[in-house]
>>> print(open('model-v2.cif').read())   # mmCIF, N, CA and C atoms
data_target
#
loop_
_atom_site.label_atom_id
_atom_site.label_comp_id
_atom_site.auth_asym_id
_atom_site.auth_seq_id
_atom_site.Cartn_x
_atom_site.Cartn_y
_atom_site.Cartn_z
N MET A 124 70.48 97.50 92.61
CA MET A 124 71.65 96.95 91.97
C MET A 124 71.60 97.34 90.50
N LEU A 125 72.76 97.72 89.98
CA LEU A 125 72.90 98.08 88.58
C LEU A 125 73.43 96.88 87.82
N GLU A 126 72.82 96.60 86.69
CA GLU A 126 73.28 95.49 85.86
C GLU A 126 73.64 96.04 84.50
N THR A 127 74.84 95.71 84.02
CA THR A 127 75.34 96.25 82.77
C THR A 127 75.96 95.13 81.94
N VAL A 128 75.75 95.18 80.65
CA VAL A 128 76.38 94.25 79.71
C VAL A 128 77.51 95.00 79.01
N VAL A 129 78.69 94.40 79.00
CA VAL A 129 79.84 95.02 78.35
C VAL A 129 80.38 94.07 77.30
N ARG A 130 80.59 94.60 76.10
CA ARG A 130 81.19 93.81 75.02
C ARG A 130 82.58 94.36 74.76
N LEU A 131 83.56 93.49 74.81
CA LEU A 131 84.94 93.90 74.59
C LEU A 131 85.54 93.16 73.42
N ASN A 132 86.49 93.81 72.77
CA ASN A 132 87.29 93.13 71.77
C ASN A 132 88.67 93.80 71.75
N GLY A 133 89.57 93.21 71.05
CA GLY A 133 90.90 93.79 70.93
C GLY A 133 91.68 93.78 72.23
N VAL A 134 92.42 94.86 72.45
CA VAL A 134 93.31 94.96 73.60
C VAL A 134 92.57 94.86 74.92
N ALA A 135 91.43 95.54 75.03
CA ALA A 135 90.67 95.50 76.29
C ALA A 135 90.26 94.07 76.64
N GLU A 136 89.83 93.32 75.64
CA GLU A 136 89.46 91.92 75.86
C GLU A 136 90.66 91.11 76.33
N LEU A 137 91.78 91.31 75.69
CA LEU A 137 93.00 90.58 76.05
C LEU A 137 93.45 90.91 77.46
N VAL A 138 93.43 92.17 77.83
CA VAL A 138 93.83 92.58 79.17
C VAL A 138 92.93 91.93 80.21
N LEU A 139 91.63 91.97 79.98
CA LEU A 139 90.69 91.38 80.93
C LEU A 139 90.95 89.89 81.09
N GLU A 140 91.12 89.19 80.00
CA GLU A 140 91.36 87.75 80.07
C GLU A 140 92.67 87.44 80.80
N ARG A 141 93.70 88.25 80.58
CA ARG A 141 94.97 88.03 81.28
C ARG A 141 94.85 88.29 82.76
N LEU A 142 94.10 89.31 83.14
CA LEU A 142 93.92 89.59 84.57
C LEU A 142 93.28 88.41 85.29
N VAL A 143 92.33 87.77 84.63
CA VAL A 143 91.65 86.62 85.23
C VAL A 143 92.52 85.37 85.15
N SER A 144 93.09 85.10 84.00
CA SER A 144 93.85 83.86 83.83
C SER A 144 95.11 83.84 84.68
N ARG A 145 95.68 85.00 84.98
CA ARG A 145 96.87 85.07 85.82
C ARG A 145 96.54 85.11 87.31
N GLY A 146 95.25 85.09 87.62
CA GLY A 146 94.83 84.97 89.01
C GLY A 146 94.72 86.28 89.78
N TYR A 147 94.83 87.41 89.11
CA TYR A 147 94.65 88.68 89.81
C TYR A 147 93.22 88.82 90.30
N PHE A 148 92.28 88.27 89.53
CA PHE A 148 90.87 88.28 89.89
C PHE A 148 90.30 86.91 89.57
N GLN A 149 89.31 86.48 90.36
CA GLN A 149 88.69 85.18 90.11
C GLN A 149 87.73 85.22 88.94
N THR A 150 87.10 86.37 88.73
CA THR A 150 86.12 86.48 87.64
C THR A 150 86.31 87.81 86.91
N ARG A 151 85.74 87.88 85.72
CA ARG A 151 85.77 89.13 84.96
C ARG A 151 84.98 90.21 85.69
N THR A 152 83.91 89.81 86.35
CA THR A 152 83.10 90.77 87.10
C THR A 152 83.93 91.43 88.20
N GLU A 153 84.72 90.63 88.92
CA GLU A 153 85.57 91.20 89.97
C GLU A 153 86.57 92.18 89.38
N ALA A 154 87.12 91.86 88.21
CA ALA A 154 88.08 92.75 87.56
C ALA A 154 87.42 94.07 87.18
N PHE A 155 86.19 94.01 86.68
CA PHE A 155 85.46 95.24 86.35
C PHE A 155 85.19 96.07 87.59
N ARG A 156 84.77 95.42 88.66
CA ARG A 156 84.50 96.16 89.90
C ARG A 156 85.76 96.89 90.38
N ALA A 157 86.88 96.18 90.34
CA ALA A 157 88.14 96.78 90.77
C ALA A 157 88.51 97.95 89.85
N GLY A 158 88.25 97.79 88.57
CA GLY A 158 88.53 98.86 87.62
C GLY A 158 87.67 100.09 87.87
N VAL A 159 86.41 99.88 88.16
CA VAL A 159 85.50 101.00 88.45
C VAL A 159 85.94 101.71 89.72
N MET A 160 86.30 100.95 90.74
CA MET A 160 86.76 101.56 91.99
C MET A 160 88.06 102.33 91.77
N GLY A 161 88.96 101.78 90.96
CA GLY A 161 90.21 102.46 90.65
C GLY A 161 89.97 103.78 89.94
N LEU A 162 89.05 103.78 88.99
CA LEU A 162 88.71 105.02 88.30
C LEU A 162 88.06 106.01 89.25
N GLY A 163 87.23 105.51 90.14
CA GLY A 163 86.60 106.38 91.12
C GLY A 163 87.63 107.08 91.99
N LYS A 164 88.65 106.35 92.41
CA LYS A 164 89.72 106.95 93.21
C LYS A 164 90.53 107.95 92.38
N GLU A 165 90.86 107.55 91.16
CA GLU A 165 91.66 108.40 90.28
C GLU A 165 90.99 109.75 90.02
N TYR A 166 89.68 109.74 89.83
CA TYR A 166 88.95 110.96 89.52
C TYR A 166 88.33 111.64 90.74
N GLY A 167 88.64 111.13 91.92
CA GLY A 167 88.18 111.76 93.15
C GLY A 167 86.73 111.53 93.49
N VAL A 168 86.10 110.54 92.87
CA VAL A 168 84.71 110.21 93.18
C VAL A 168 84.64 109.43 94.49
N VAL A 169 85.64 108.61 94.73
CA VAL A 169 85.74 107.84 95.96
C VAL A 169 86.79 108.51 96.83
N THR A 170 86.37 109.03 97.96
CA THR A 170 87.33 109.70 98.83
C THR A 170 87.86 108.77 99.91
N SER A 171 87.01 107.94 100.46
CA SER A 171 87.45 106.96 101.46
C SER A 171 86.42 105.84 101.55
N GLY A 172 86.86 104.73 102.10
CA GLY A 172 85.93 103.61 102.29
C GLY A 172 84.77 103.98 103.18
N GLN A 173 85.04 104.76 104.22
CA GLN A 173 83.98 105.16 105.15
C GLN A 173 82.95 106.03 104.44
N ASP A 174 83.39 106.95 103.59
CA ASP A 174 82.45 107.79 102.84
C ASP A 174 81.53 106.93 101.96
N MET A 175 82.10 105.91 101.35
CA MET A 175 81.29 105.04 100.49
C MET A 175 80.30 104.24 101.32
N GLU A 176 80.74 103.74 102.47
CA GLU A 176 79.83 103.00 103.36
C GLU A 176 78.69 103.90 103.81
N ASP A 177 79.01 105.15 104.14
CA ASP A 177 77.98 106.10 104.57
C ASP A 177 76.98 106.35 103.44
N SER A 178 77.47 106.47 102.22
CA SER A 178 76.59 106.70 101.07
C SER A 178 75.67 105.50 100.84
N LEU A 179 76.22 104.30 100.97
CA LEU A 179 75.41 103.10 100.79
C LEU A 179 74.34 102.99 101.87
N LEU A 180 74.72 103.30 103.10
CA LEU A 180 73.76 103.26 104.20
C LEU A 180 72.64 104.27 103.98
N ALA A 181 72.98 105.48 103.56
CA ALA A 181 71.97 106.50 103.29
C ALA A 181 71.03 106.05 102.17
N ARG A 182 71.57 105.41 101.15
CA ARG A 182 70.74 104.91 100.04
C ARG A 182 69.77 103.85 100.53
N LYS A 183 70.24 102.94 101.39
CA LYS A 183 69.37 101.90 101.93
C LYS A 183 68.27 102.50 102.79
N MET A 184 68.62 103.51 103.59
CA MET A 184 67.63 104.15 104.44
C MET A 184 66.56 104.86 103.62
N GLU A 185 66.96 105.46 102.51
CA GLU A 185 65.99 106.12 101.62
C GLU A 185 65.01 105.11 101.04
N LYS A 186 65.50 103.93 100.65
CA LYS A 186 64.65 102.89 100.08
C LYS A 186 63.64 102.39 101.12
N ILE A 187 64.10 102.26 102.37
CA ILE A 187 63.22 101.79 103.44
C ILE A 187 62.13 102.83 103.70
N SER A 188 62.47 104.11 103.67
CA SER A 188 61.53 105.18 103.94
C SER A 188 60.50 105.36 102.83
N ALA A 189 60.86 104.97 101.63
CA ALA A 189 59.97 105.19 100.47
C ALA A 189 58.80 104.24 100.43
#
>>> encode(input="model-v2.cif", output="structure tokens")
Amino acid sequence: MLETVVRLNGVAELVLERLVSRGYFQTRTEAFRAGVMGLGKEYGVVTSGQDMEDSLLARKMEKISA
């Protein structure tokens, strides 16, 4: 699991707070996850849900083998 600390101010902070306060996301963390996935799709890093599941499964299998 990757853990990251993000500090926001200005417009980015306001957008994040509005996304949560208006109920689009329950937490700021959920909003960040959705944002990362959206960027992944936009830049072609995420091709399909199945591809991502396969990648996660392969990663877990590598950890078990190590």
>>> select_by_dssp(input="model-v2.cif", residues="chain A", states="alpha helix (DSSP H)", output="VMD selection string")
chain A and resid 133 to 144 151 to 165 172 to 188
>>> atom_distance(input="model-v2.cif", atom1="atom C of Ser144 of chain A", atom2="atom C of Arg130 of chain A")
19.1 Å
>>> axis_aligned_box(input="model-v2.cif", around="segment 124-142 of chain A", padding_each_side="3 Å", output="AutoDock Vina command-line options")
--center_x 82.7 --center_y 92.8 --center_z 81.8 --size_x 30.5 --size_y 16.6 --size_z 27.7
>>> atom_distance(input="model-v2.cif", atom1="atom CA of Tyr147 of chain A", atom2="atom CA of Val129 of chain A")
19.8 Å
>>> atom_distance(input="model-v2.cif", atom1="atom C of Ser171 of chain A", atom2="atom N of Arg141 of chain A")
28.3 Å
